[in-house]
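Structure, as structure tokens:
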Amino acid sequence: MAERPVECTGHCKRPIKIVYKEIVSDAMHVTEMCSECPVYEQKLHGEMRLPRTEGLTEAEACLYCSNCHTSLESVLTGNPLGCAECYAVFSDALLSTLLSEEAIPTHLAKSISIKKNQTLHMGKSPHASMAPPASGRLTTLNEALNEALKKENYEQAAWLRDQIKALIEKEKA
Amino acid sequence: MNLPPSLIDKTPWQEGSNPIWPATCLTLRRNLARYSFPPKLSSSHFQQVLTLLSDDLLKSPILTQPALLKAEGLNPNEKEFLYEHFLCTDGFQNTLSGQGFIVDESANFLALINIDDHLQLRLIDSQGNWENAYNTLSQIETDLSSRIEYAFSPRFGYLTSDPRLCGCALTAQAYLHLPALIHTEQLPQTLQKQKEEGITASGLGGSLDDLYGDLLVVHNSYTLGMSEENILRDIHSTAMKLAMLEKTLRMHLKEENNLQMKDQISRAYGLMRHSHQLQTKETLSALSLIKLGLSLQWIEGITDSALNTLFFKSRRAHLAELLSENLLDSQEIARLRAEFIHQHIQSIQLMI
């Protein structure tokens, strides 16, 4: 079995790919990193998602997940979360990051600004029996057909009508 | 060779029924509640999670003859083969012991274990039955949940190592072949018109500048705050509109006997027929134009399914597996690719 190589000295926990040596004055600093390490990006290209410490209290800036030892600073630098517990520990910071990165639909972002404890998850829950997704296909096709007829695009309308017929026949079968 | 023969013989789109919308790929991500996520998982836990998940998946009645491929048992070419076959966005070259893949005989299913998240279930549908594909994934996931507790919070949903993928943790990607929209330079304005919140379009290379083989990938931008049903409905609606526009444009190109397009298709034909060396990108572009020519009846003697197969088999790792060669020299790969293409397009005829 292949041995797992020594891991990145950053927070990444990925195998080391790069040994970066830096001479400052007379001292040589060696950093061992994975290829995707944000520290590597910073060293090489001067690019790094700076920890968004503005707005964070001193206590928040020092936040650590007690379960996997991931720090909030590491998460805000773009590193992955380490465990389920991280979501509870960094909840508020995660939410503001998701909002600033526009990783949440606008309607939900708006309601979060009004109601802080808004439920974010809209999908199925564990153990909840999942009904097969109702086919929205027919609705979509009908909408597209109406749109094509409105625009007097009869070529598209004819194609859509064929699609609707085929779908109905398939569902009957 | 560690890859199952079915994976090498079959390509995911070969049974495709829609030349414009050849496939949809669905990915579900899950983590186990009792373990740290892979970026923070210890070596011993890597093995435990791999055993736990693979044992269950290998017994799944939904999968046909599933096989576990341990990362440490695969050579770099085989890892690249999986990446090409399942059109993944990230490569698997860095995968090590404790990480693995499960594939089945359909050659459309891939489970990634301990790569970013504990489990990623990926299924490609080429029959236009993406509701069924989702139901299959959901069934596998539900079966596992009777024995395994997933990392879940009522607020953030299913928890993933990348917080931007939590929530329902479902990604749907519709692959659209849009050569008419792309070569008539109408794609940017079409995308602008069809722009919908929550939908992102990119090429196979990850951005709109990398539209290799004239393929556009339409996928959901949000997983948190979206239900599975909404994601599937939105992707279907956008993909269908784009496919319809492509179809209409193809009809116009044929009606007006478009000279520019005829010229491009003829050049692609010449390139595939007479090149001594072919690079991947130019092969995919030429195959795309030949596919367009076929649908406009300007090309005959080959099927769309055969061209879809060539689309996969002309890529580097596929070629290496097929020819049982370790292809490292880029000149040699390009030469073998050209030879391979010549052999498989001998029957095609230009009808322009």
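A note on labels: chains of the structure tokens are A, B, ... as shown, every chain counts residues from 1, and ligands are counted from 1 in their shown order.
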Counting only C-alpha atoms, which residues in chain B sit no more than 6 Å from chain A? For each one, give the nearest pair of atoms and the distance in Å, sorted by chain then residue number, as a Markdown table.
| residue | atom | partner | partner_atom | distance |
| --- | --- | --- | --- | --- |
| B:Ser36 | CA | A:Cys83 | CA | 4.4 |
| B:Phe37 | CA | A:Cys83 | CA | 5.0 |
| B:Pro39 | CA | A:Lys13 | CA | 5.7 |
| B:Lys40 | CA | A:Gly82 | CA | 5.2 |
| B:Ala151 | CA | A:Ala84 | CA | 5.9 |
| B:Arg155 | CA | A:Thr119 | CA | 5.2 |
| B:Phe156 | CA | A:His121 | CA | 5.4 |
| B:Gly157 | CA | A:His121 | CA | 5.0 |
| B:Ser161 | CA | A:Leu81 | CA | 4.7 |
| B:Asp162 | CA | A:Pro80 | CA | 5.4 |
| B:Gly167 | CA | A:His121 | CA | 5.1 |
| B:Cys168 | CA | A:Gly123 | CA | 5.0 |
| B:Leu224 | CA | A:His121 | CA | 5.7 |
| B:Gly225 | CA | A:His121 | CA | 5.1 |
| B:Met226 | CA | A:Met122 | CA | 5.3 |
| B:Ser227 | CA | A:Gly123 | CA | 4.0 |
| B:Glu228 | CA | A:Gly123 | CA | 5.9 |
| B:Glu229 | CA | A:Pro133 | CA | 5.7 |
| B:Arg233 | CA | A:Gly136 | CA | 5.9 |
| B:Ser237 | CA | A:Thr140 | CA | 6.0 |
Could those selected residues go to a file with N, CA and C atoms, as a PDB file, in the first residue's frame?
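Once written, selection.pdb looks like this:
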ATOM      1  N   SER B  36     -14.351  13.051  10.643  1.00  0.00           N
ATOM      2  CA  SER B  36     -13.973  14.343  10.071  1.00  0.00           C
ATOM      3  C   SER B  36     -14.052  14.244   8.561  1.00  0.00           C
ATOM      4  N   PHE B  37     -14.181  15.379   7.885  1.00  0.00           N
ATOM      5  CA  PHE B  37     -14.234  15.367   6.421  1.00  0.00           C
ATOM      6  C   PHE B  37     -12.850  14.987   5.879  1.00  0.00           C
ATOM      7  N   PRO B  39     -10.475  16.339   4.135  1.00  0.00           N
ATOM      8  CA  PRO B  39      -9.301  17.210   4.315  1.00  0.00           C
ATOM      9  C   PRO B  39      -8.681  17.127   5.719  1.00  0.00           C
ATOM     10  N   LYS B  40      -9.445  16.604   6.710  1.00  0.00           N
ATOM     11  CA  LYS B  40      -8.918  16.508   8.075  1.00  0.00           C
ATOM     12  C   LYS B  40      -8.968  15.074   8.611  1.00  0.00           C
ATOM     13  N   ALA B 151     -23.734  13.512   7.760  1.00  0.00           N
ATOM     14  CA  ALA B 151     -23.533  14.798   8.427  1.00  0.00           C
ATOM     15  C   ALA B 151     -24.601  15.759   7.905  1.00  0.00           C
ATOM     16  N   ARG B 155     -30.186  23.547   9.499  1.00  0.00           N
ATOM     17  CA  ARG B 155     -29.980  24.873   8.913  1.00  0.00           C
ATOM     18  C   ARG B 155     -29.196  24.811   7.588  1.00  0.00           C
ATOM     19  N   PHE B 156     -28.085  24.088   7.585  1.00  0.00           N
ATOM     20  CA  PHE B 156     -27.215  24.054   6.402  1.00  0.00           C
ATOM     21  C   PHE B 156     -27.429  22.819   5.529  1.00  0.00           C
ATOM     22  N   GLY B 157     -28.320  21.942   5.935  1.00  0.00           N
ATOM     23  CA  GLY B 157     -28.604  20.751   5.130  1.00  0.00           C
ATOM     24  C   GLY B 157     -27.497  19.714   5.229  1.00  0.00           C
ATOM     25  N   SER B 161     -17.441  19.544   2.651  1.00  0.00           N
ATOM     26  CA  SER B 161     -16.202  20.225   3.058  1.00  0.00           C
ATOM     27  C   SER B 161     -16.116  21.616   2.420  1.00  0.00           C
ATOM     28  N   ASP B 162     -16.716  21.807   1.251  1.00  0.00           N
ATOM     29  CA  ASP B 162     -16.813  23.131   0.658  1.00  0.00           C
ATOM     30  C   ASP B 162     -18.189  23.686   1.011  1.00  0.00           C
ATOM     31  N   GLY B 167     -26.289  22.078   1.747  1.00  0.00           N
ATOM     32  CA  GLY B 167     -27.713  22.189   1.404  1.00  0.00           C
ATOM     33  C   GLY B 167     -28.166  20.852   0.856  1.00  0.00           C
ATOM     34  N   CYS B 168     -28.773  20.863  -0.317  1.00  0.00           N
ATOM     35  CA  CYS B 168     -29.183  19.567  -0.883  1.00  0.00           C
ATOM     36  C   CYS B 168     -27.972  18.838  -1.466  1.00  0.00           C
ATOM     37  N   LEU B 224     -27.427  25.346  -1.644  1.00  0.00           N
ATOM     38  CA  LEU B 224     -28.078  25.755  -0.394  1.00  0.00           C
ATOM     39  C   LEU B 224     -29.247  26.673  -0.772  1.00  0.00           C
ATOM     40  N   GLY B 225     -30.386  26.433  -0.155  1.00  0.00           N
ATOM     41  CA  GLY B 225     -31.557  27.260  -0.459  1.00  0.00           C
ATOM     42  C   GLY B 225     -32.297  26.791  -1.699  1.00  0.00           C
ATOM     43  N   MET B 226     -31.936  25.619  -2.207  1.00  0.00           N
ATOM     44  CA  MET B 226     -32.603  25.070  -3.391  1.00  0.00           C
ATOM     45  C   MET B 226     -33.036  23.642  -3.086  1.00  0.00           C
ATOM     46  N   SER B 227     -34.212  23.275  -3.580  1.00  0.00           N
ATOM     47  CA  SER B 227     -34.614  21.872  -3.432  1.00  0.00           C
ATOM     48  C   SER B 227     -34.109  21.110  -4.652  1.00  0.00           C
ATOM     49  N   GLU B 228     -34.026  19.803  -4.527  1.00  0.00           N
ATOM     50  CA  GLU B 228     -33.557  18.952  -5.625  1.00  0.00           C
ATOM     51  C   GLU B 228     -34.451  19.152  -6.846  1.00  0.00           C
ATOM     52  N   GLU B 229     -35.765  19.242  -6.568  1.00  0.00           N
ATOM     53  CA  GLU B 229     -36.728  19.372  -7.657  1.00  0.00           C
ATOM     54  C   GLU B 229     -36.523  20.687  -8.416  1.00  0.00           C
ATOM     55  N   ARG B 233     -35.583  21.147 -12.332  1.00  0.00           N
ATOM     56  CA  ARG B 233     -36.523  21.872 -13.202  1.00  0.00           C
ATOM     57  C   ARG B 233     -35.818  23.033 -13.908  1.00  0.00           C
ATOM     58  N   SER B 237     -35.217  23.447 -17.879  1.00  0.00           N
ATOM     59  CA  SER B 237     -35.825  24.555 -18.609  1.00  0.00           C
ATOM     60  C   SER B 237     -34.761  25.311 -19.433  1.00  0.00           C
TER      61      SER B 237
END
Within 6 Å of stretch 206-213 of chain B, counting only C-alpha atoms, which residues qualify if same-chain residues fewer than 4 places away don't, as a PDB file with N, CA and C atoms, in the first residue's frame?
ATOM      1  N   SER B 202     -20.684  26.991 -18.706  1.00  0.00           N
ATOM      2  CA  SER B 202     -19.232  26.989 -18.916  1.00  0.00           C
ATOM      3  C   SER B 202     -18.894  25.955 -19.985  1.00  0.00           C
ATOM      4  N   LEU B 284     -11.482  17.350 -31.114  1.00  0.00           N
ATOM      5  CA  LEU B 284     -12.832  17.555 -30.577  1.00  0.00           C
ATOM      6  C   LEU B 284     -13.589  18.590 -31.416  1.00  0.00           C
ATOM      7  N   SER B 285     -12.884  19.643 -31.847  1.00  0.00           N
ATOM      8  CA  SER B 285     -13.533  20.671 -32.684  1.00  0.00           C
ATOM      9  C   SER B 285     -13.972  20.078 -34.014  1.00  0.00           C
ATOM     10  N   SER B 288     -16.893  17.807 -33.657  1.00  0.00           N
ATOM     11  CA  SER B 288     -18.100  18.586 -33.434  1.00  0.00           C
ATOM     12  C   SER B 288     -18.686  19.053 -34.768  1.00  0.00           C
TER      13      SER B 288
END
